[in-house]
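A short worksheet on the structure shown next.
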Amino acid sequence: MNKTIVITGAGGVLCSAFARDLAKTGAPIALLDRNLEAAEAVAAEIRAAGGNARAYETDVLDKAALEKTHEAVLRDLGPCRVLLNGAGGNNPRATTDHEIFEPGDELASDSKTFFNLAPEGFDFVFRLNLMGTLLPTQVFAKDMLGQEGCCVLNISSMNAYRPLTKIPAYSGAKAAVSNFTQWLAVHFAEQGIRVNAIAPGFFVTNQNRALLFHEDGTPTPRTGKILAATPMKRFGEPEELLGAVRWLIDPEAASFVTGVVIPIDGGFSAYSGV
């Protein structure tokens with residue numbers, strides 16, 4: 001493969017794993033992230049292994065910034081043929097302290113409840129995940145028009161199937177990403193641009209580590225619930241997403257696959273709890 005792959009959120013745990021793996025195909029990799037240092041560290045690692053990668057500081061919620069990054073990628077690596085929309089995540093401002101309503105939540109001022117969640121925090125998480133998928137696609141999918149073997153791969157979540165407690169904005173946003181993936185697949189089908197998504201189950205990342213483990217490394221009660229609802233009884237490893245990612249972006253192996261969201265979850269979505 002010698003088609004430029006653009007990855008947003010490329011400095012994160014999962015997307016950096018995607019970048020390192022896809023670089024082995026020989027494709028030039030553009031690593032986009034707000035944290036340039038993190039993206040550059042991944043790019044340097046890829047180059048040290050003989051790959052071709054460049055890091056770009058970019059805000060996926062700023063279309064003007066994305067346009068400038070697009071120009072730089074065109075100049076440095078060539079037109080985008082695969083876009084992996086990996087930027088996203090949750091934020092404490094959009095997370096409730098309680099899993100379910102407790103009497104007094106409607107009056108509380110010393111804890112985050114459904115009733116006092118800041119609209120700004122909710123909006124940030126929703127925009128980061130949905131608009132952070134829409135805007136890069138608007139910018140980079142232009143390169144794919146009239147070309148062969150192009151695709152967009154989005155990152156949904158188990159939250160899109162069943163919302164998790166405490167994180168309503170993230171759950172709603174990922175459901176929107178799945179819906180948008182299907183919409184976009186139909187919109188671009190006659191152009192030959194395939195659009196799919198993966199829906200990871202539970203993986204330990206920098207963003208969710210504090211929810212899953214105490215500072216001393218012991219698991220939180222939330223981890224206990226997650227593992228009890230995951231038939232394989234463990235968290236996933238980033239490397240366990242790579243096969244599906246490679247398959248979905250492969251223009252031959254997945255040539256007739258578009259508009260799907262693939263769960264990779266250790267059985268979480270199949271388990272009724274009984």
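Simple scheme: letters A, B, ... for chains in structure tokens order, numbers from 1 for residues in each chain, numbers from 1 for ligands in the order shown.
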Practice problem: Using DSSP on the backbone coordinates, identify all residues within region 34-248 of chain A classified as strand (DSSP E); present the result as a list in words. | Solution: Ala53, Arg54, Ala55, Tyr56, Glu57, Cys80, Arg81, Val82, Leu83, Leu84, Asn85, Cys151, Val152, Leu153, Asn154, Ile155, Arg194, Val195, Asn196, Ala197, Ile198, Ala199 and Pro200 of chain A
Can you pull out every residue within 9 Å of region 20-36 of chain A, counting only C-alpha atoms, but drop anything in the same chain fewer than 5 positions away, and send it as a PDB file with N, CA and C atoms, in the first residue's frame?
ATOM      1  N   MET A   1       0.846  -1.198   0.000  1.00  0.00           N
ATOM      2  CA  MET A   1       0.000   0.000   0.000  1.00  0.00           C
ATOM      3  C   MET A   1       0.877   1.242   0.000  1.00  0.00           C
ATOM      4  N   ASN A   2       0.610   2.154  -0.893  1.00  0.00           N
ATOM      5  CA  ASN A   2       1.364   3.402  -0.915  1.00  0.00           C
ATOM      6  C   ASN A   2       0.409   4.588  -0.925  1.00  0.00           C
ATOM      7  N   LYS A   3      -0.713   4.419  -0.239  1.00  0.00           N
ATOM      8  CA  LYS A   3      -1.736   5.452  -0.193  1.00  0.00           C
ATOM      9  C   LYS A   3      -1.673   6.159   1.151  1.00  0.00           C
ATOM     10  N   THR A   4      -1.668   7.466   1.126  1.00  0.00           N
ATOM     11  CA  THR A   4      -1.539   8.231   2.360  1.00  0.00           C
ATOM     12  C   THR A   4      -2.711   7.977   3.291  1.00  0.00           C
ATOM     13  N   ILE A   5      -2.380   7.669   4.532  1.00  0.00           N
ATOM     14  CA  ILE A   5      -3.378   7.425   5.577  1.00  0.00           C
ATOM     15  C   ILE A   5      -3.305   8.575   6.573  1.00  0.00           C
ATOM     16  N   VAL A   6      -4.440   9.216   6.822  1.00  0.00           N
ATOM     17  CA  VAL A   6      -4.530  10.309   7.788  1.00  0.00           C
ATOM     18  C   VAL A   6      -5.249   9.791   9.031  1.00  0.00           C
ATOM     19  N   ILE A   7      -4.641   9.978  10.188  1.00  0.00           N
ATOM     20  CA  ILE A   7      -5.205   9.507  11.448  1.00  0.00           C
ATOM     21  C   ILE A   7      -5.339  10.686  12.401  1.00  0.00           C
ATOM     22  N   THR A   8      -6.550  10.952  12.868  1.00  0.00           N
ATOM     23  CA  THR A   8      -6.744  11.987  13.874  1.00  0.00           C
ATOM     24  C   THR A   8      -6.691  11.348  15.266  1.00  0.00           C
ATOM     25  N   GLY A   9      -6.340  12.154  16.256  1.00  0.00           N
ATOM     26  CA  GLY A   9      -6.171  11.606  17.602  1.00  0.00           C
ATOM     27  C   GLY A   9      -5.009  10.640  17.666  1.00  0.00           C
ATOM     28  N   ALA A  10      -4.018  10.849  16.797  1.00  0.00           N
ATOM     29  CA  ALA A  10      -2.974   9.851  16.577  1.00  0.00           C
ATOM     30  C   ALA A  10      -1.995   9.710  17.736  1.00  0.00           C
ATOM     31  N   GLY A  11      -2.017  10.640  18.693  1.00  0.00           N
ATOM     32  CA  GLY A  11      -1.119  10.527  19.826  1.00  0.00           C
ATOM     33  C   GLY A  11      -1.663   9.662  20.941  1.00  0.00           C
ATOM     34  N   GLY A  12      -2.923   9.224  20.821  1.00  0.00           N
ATOM     35  CA  GLY A  12      -3.546   8.426  21.865  1.00  0.00           C
ATOM     36  C   GLY A  12      -3.131   6.966  21.844  1.00  0.00           C
ATOM     37  N   CYS A  15      -5.030   4.955  18.762  1.00  0.00           N
ATOM     38  CA  CYS A  15      -4.691   5.432  17.423  1.00  0.00           C
ATOM     39  C   CYS A  15      -3.194   5.366  17.140  1.00  0.00           C
ATOM     40  N   ALA A  41       6.143  11.884  18.823  1.00  0.00           N
ATOM     41  CA  ALA A  41       6.791  10.707  19.416  1.00  0.00           C
ATOM     42  C   ALA A  41       6.431   9.450  18.639  1.00  0.00           C
ATOM     43  N   VAL A  42       5.171   9.342  18.230  1.00  0.00           N
ATOM     44  CA  VAL A  42       4.730   8.185  17.446  1.00  0.00           C
ATOM     45  C   VAL A  42       5.368   8.223  16.061  1.00  0.00           C
ATOM     46  N   ALA A  43       5.383   9.407  15.449  1.00  0.00           N
ATOM     47  CA  ALA A  43       5.991   9.549  14.125  1.00  0.00           C
ATOM     48  C   ALA A  43       7.470   9.170  14.152  1.00  0.00           C
ATOM     49  N   GLU A  45       8.950   7.147  16.210  1.00  0.00           N
ATOM     50  CA  GLU A  45       9.049   5.702  16.385  1.00  0.00           C
ATOM     51  C   GLU A  45       8.842   4.978  15.054  1.00  0.00           C
ATOM     52  N   ILE A  46       7.869   5.451  14.274  1.00  0.00           N
ATOM     53  CA  ILE A  46       7.605   4.849  12.964  1.00  0.00           C
ATOM     54  C   ILE A  46       8.787   5.052  12.025  1.00  0.00           C
ATOM     55  N   ALA A  49      11.662   2.824  12.662  1.00  0.00           N
ATOM     56  CA  ALA A  49      11.431   1.445  12.203  1.00  0.00           C
ATOM     57  C   ALA A  49      11.431   1.344  10.685  1.00  0.00           C
ATOM     58  N   GLY A  50      11.720   2.460  10.012  1.00  0.00           N
ATOM     59  CA  GLY A  50      11.803   2.440   8.565  1.00  0.00           C
ATOM     60  C   GLY A  50      10.568   2.914   7.839  1.00  0.00           C
ATOM     61  N   GLY A  51       9.569   3.395   8.584  1.00  0.00           N
ATOM     62  CA  GLY A  51       8.330   3.858   7.975  1.00  0.00           C
ATOM     63  C   GLY A  51       8.378   5.329   7.619  1.00  0.00           C
ATOM     64  N   ASN A  52       7.284   5.797   7.033  1.00  0.00           N
ATOM     65  CA  ASN A  52       7.168   7.187   6.588  1.00  0.00           C
ATOM     66  C   ASN A  52       6.011   7.837   7.341  1.00  0.00           C
ATOM     67  N   ALA A  53       6.308   8.734   8.248  1.00  0.00           N
ATOM     68  CA  ALA A  53       5.260   9.354   9.062  1.00  0.00           C
ATOM     69  C   ALA A  53       5.636  10.785   9.411  1.00  0.00           C
ATOM     70  N   ARG A  54       4.620  11.634   9.483  1.00  0.00           N
ATOM     71  CA  ARG A  54       4.806  13.021   9.915  1.00  0.00           C
ATOM     72  C   ARG A  54       3.691  13.386  10.893  1.00  0.00           C
ATOM     73  N   ALA A  55       4.038  14.224  11.850  1.00  0.00           N
ATOM     74  CA  ALA A  55       3.080  14.666  12.861  1.00  0.00           C
ATOM     75  C   ALA A  55       2.630  16.085  12.556  1.00  0.00           C
ATOM     76  N   TYR A  56       1.353  16.368  12.838  1.00  0.00           N
ATOM     77  CA  TYR A  56       0.784  17.689  12.584  1.00  0.00           C
ATOM     78  C   TYR A  56      -0.077  18.086  13.790  1.00  0.00           C
ATOM     79  N   GLU A  57       0.160  19.289  14.295  1.00  0.00           N
ATOM     80  CA  GLU A  57      -0.664  19.812  15.386  1.00  0.00           C
ATOM     81  C   GLU A  57      -1.969  20.328  14.795  1.00  0.00           C
ATOM     82  N   THR A  58      -3.079  19.744  15.221  1.00  0.00           N
ATOM     83  CA  THR A  58      -4.366  20.056  14.612  1.00  0.00           C
ATOM     84  C   THR A  58      -5.496  19.928  15.628  1.00  0.00           C
ATOM     85  N   ASP A  59      -6.447  20.820  15.544  1.00  0.00           N
ATOM     86  CA  ASP A  59      -7.673  20.758  16.348  1.00  0.00           C
ATOM     87  C   ASP A  59      -8.801  20.304  15.434  1.00  0.00           C
ATOM     88  N   VAL A  60      -9.360  19.126  15.697  1.00  0.00           N
ATOM     89  CA  VAL A  60     -10.392  18.583  14.807  1.00  0.00           C
ATOM     90  C   VAL A  60     -11.702  19.361  14.884  1.00  0.00           C
ATOM     91  N   THR A  69      -3.797  22.076   7.733  1.00  0.00           N
ATOM     92  CA  THR A  69      -3.125  20.784   7.885  1.00  0.00           C
ATOM     93  C   THR A  69      -3.259  19.960   6.611  1.00  0.00           C
ATOM     94  N   VAL A  73      -0.287  18.230   4.535  1.00  0.00           N
ATOM     95  CA  VAL A  73      -0.241  16.794   4.241  1.00  0.00           C
ATOM     96  C   VAL A  73      -0.101  16.566   2.737  1.00  0.00           C
ATOM     97  N   LEU A  77       3.080  14.475   1.995  1.00  0.00           N
ATOM     98  CA  LEU A  77       2.842  13.043   1.831  1.00  0.00           C
ATOM     99  C   LEU A  77       1.949  12.687   0.648  1.00  0.00           C
ATOM    100  N   GLY A  78       1.216  13.665   0.137  1.00  0.00           N
ATOM    101  CA  GLY A  78       0.310  13.391  -0.967  1.00  0.00           C
ATOM    102  C   GLY A  78      -1.138  13.334  -0.509  1.00  0.00           C
ATOM    103  N   CYS A  80      -4.866  12.324   0.619  1.00  0.00           N
ATOM    104  CA  CYS A  80      -5.402  11.314   1.537  1.00  0.00           C
ATOM    105  C   CYS A  80      -6.225  10.285   0.770  1.00  0.00           C
ATOM    106  N   ALA A  87      -9.986  10.851  16.731  1.00  0.00           N
ATOM    107  CA  ALA A  87     -10.111  11.848  17.793  1.00  0.00           C
ATOM    108  C   ALA A  87     -11.469  11.723  18.472  1.00  0.00           C
ATOM    109  N   GLU A 239      -3.706  -4.020  20.360  1.00  0.00           N
ATOM    110  CA  GLU A 239      -3.332  -4.875  19.238  1.00  0.00           C
ATOM    111  C   GLU A 239      -4.500  -5.728  18.753  1.00  0.00           C
ATOM    112  N   LEU A 242      -6.358  -4.312  15.652  1.00  0.00           N
ATOM    113  CA  LEU A 242      -5.624  -4.080  14.414  1.00  0.00           C
ATOM    114  C   LEU A 242      -6.134  -4.910  13.245  1.00  0.00           C
ATOM    115  N   VAL A 245      -9.188  -3.231  11.795  1.00  0.00           N
ATOM    116  CA  VAL A 245      -8.819  -1.983  11.133  1.00  0.00           C
ATOM    117  C   VAL A 245      -8.197  -2.282   9.771  1.00  0.00           C
ATOM    118  N   ARG A 246      -7.271  -3.207   9.738  1.00  0.00           N
ATOM    119  CA  ARG A 246      -6.626  -3.558   8.463  1.00  0.00           C
ATOM    120  C   ARG A 246      -7.649  -4.079   7.457  1.00  0.00           C
TER     121      ARG A 246
END
Exercise. Identify all residues of region 23-72 of chain A in alpha helix (DSSP H) (DSSP on the backbone) and supply them as a list in words.
Key: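 Selection result, alpha helix (DSSP H) within region 23-72 of chain A: Ala23, Leu36, Glu37, Ala38, Ala39, Glu40, Ala41, Val42, Ala43, Ala44, Glu45, Ile46, Arg47, Ala48, Lys63, Ala64, Ala65, Leu66, Glu67, Lys68, Thr69, His70, Glu71 and Ala72 of chain A.
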Quiz prompt | Residue among A:Phe101, A:Phe180, A:Cys150, A:Ile264 lying closest to Gly243 (chain A), counting only C-alpha atoms | solution = A:Ile264
Quiz item: Given the choices A:Val186, A:Val125, A:Val195, A:Ile226, which gets closest to Met144 (chain A) if the distance is worked out from only C-alpha atoms?
Solution: A:Val195
Quiz prompt | Residue with smallest distance to Ile262 (chain A) - pool A:Leu248, A:Leu164, A:Leu61, A:Ala173, counting only C-alpha atoms | solution =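 Looking at the shortest contact to Ile262 (chain A), the residue is A:Leu248.
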So which residues touch Glu102 (chain A) within 10 Å, counting only C-alpha atoms, skipping near sequence neighbours fewer than 4 positions away, as a CSV table (one decimal) with N, CA, C and O atoms, in the first residue's frame?
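Heads up, here's the output in result39.csv:
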chain,number,residue,atom,x,y,z
A,98,HIS,N,-22.8,10.2,40.3
A,98,HIS,CA,-23.6,9.0,40.6
A,98,HIS,C,-24.1,8.2,39.4
A,98,HIS,O,-24.3,8.8,38.4
A,106,GLU,N,-31.2,16.7,42.7
A,106,GLU,CA,-31.8,17.9,42.1
A,106,GLU,C,-31.4,19.2,42.7
A,106,GLU,O,-31.5,20.3,42.1
A,113,THR,N,-24.3,16.2,39.2
A,113,THR,CA,-25.5,15.3,39.0
A,113,THR,C,-26.1,15.6,37.6
A,113,THR,O,-25.6,16.6,36.9
Practice problem: Find the spatial neighbours of Glu252 (chain A), counting only C-alpha atoms, within a cut-off of 9 Å - ignore same-chain residues fewer than 4 positions away - and output them as a list in words. | Solution: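 Counting only C-alpha atoms, the residues come to Gly149, Trp247 and Phe256 of chain A.
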Okay, now the selection with C-alpha atoms, as a compact mmCIF listing (two decimals), in the first residue's frame?
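The resulting file, again33.txt, is shown below:
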# COMPACT_ATOMS: atom_id res chain seq x y z
CA GLY A 149 -9.62 2.14 -3.02
CA TRP A 247 -9.56 -5.50 7.04
CA PHE A 256 -18.14 -4.71 -0.67
Practice problem: Work out how far apart CA of Pro163 (chain A) and CA of Asp110 (chain A) are and give it in Å to one decimal. | Solution: 25.0 Å
Practice problem: Find the residues around Gly259 (chain A) up to 6 Å (only C-alpha atoms counted), leave out those fewer than 4 positions away in its own chain, and share them as a list in words. | Solution: Gln182, Ala185, Val195 and Asn196 of chain A
Output the selection as a compact mmCIF listing (two decimals), in the first residue's frame - N, CA, C and O atoms for each residue.
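Result file is out.txt:
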# COMPACT_ATOMS: atom_id res chain seq x y z
N GLN A 182 -23.27 5.36 8.91
CA GLN A 182 -24.21 4.77 7.96
C GLN A 182 -24.67 5.81 6.93
O GLN A 182 -24.77 5.52 5.73
N ALA A 185 -21.86 6.46 4.48
CA ALA A 185 -21.64 5.33 3.58
C ALA A 185 -22.60 5.38 2.39
O ALA A 185 -22.20 5.11 1.25
N VAL A 195 -17.32 3.67 3.87
CA VAL A 195 -17.31 4.30 5.19
C VAL A 195 -17.79 3.27 6.21
O VAL A 195 -18.92 2.77 6.12
N ASN A 196 -16.94 2.96 7.16
CA ASN A 196 -17.28 1.98 8.20
C ASN A 196 -16.79 2.48 9.55
O ASN A 196 -16.18 3.54 9.64
Quiz item: So, counting only C-alpha atoms, which residue among A:Pro231, A:Pro168, A:Pro251, A:Gly236 is closest to Val82 (chain A)?
Solution: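 The answer is A:Pro251, which sits nearest to Val82 (chain A).
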Quiz item: Could you state the separation of CA of Val204 (chain A) and CA of Pro238 (chain A) in Å, given to one decimal place?
Solution: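 These atoms are spaced 8.8 Å apart.
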Quiz item: Closest to Ala244 (chain A) among A:Val139, A:Ala229, A:Ala160, A:Ile155, using only C-alpha atoms?
Solution: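 Of A:Val139, A:Ala229, A:Ala160, A:Ile155, the one nearest Ala244 (chain A), counting only C-alpha atoms, is A:Ile155.
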Exercise. Have a look at CA of Asp265 (chain A) and CA of Glu240 (chain A) and let me know their distance in Å, one decimal.
Key: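 CA of Asp265 (chain A) sits 9.7 Å away from CA of Glu240 (chain A).
Among the candidate residues A:Thr218, A:Gln191, A:Ser178, A:Asn116, the one lying nearest to Cys151 (chain A) is A:Gln191, with distances computed using only C-alpha atoms.
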Exercise. Find the residues near Lys174 (chain A): any atom within 12 Å, counting only C-alpha atoms, skip ones fewer than 3 places away on the same chain, and give them as a PyMOL selection string.
Key: chain A and resi 86-90+125-133+154-164+167-171+177-181+197-200+261
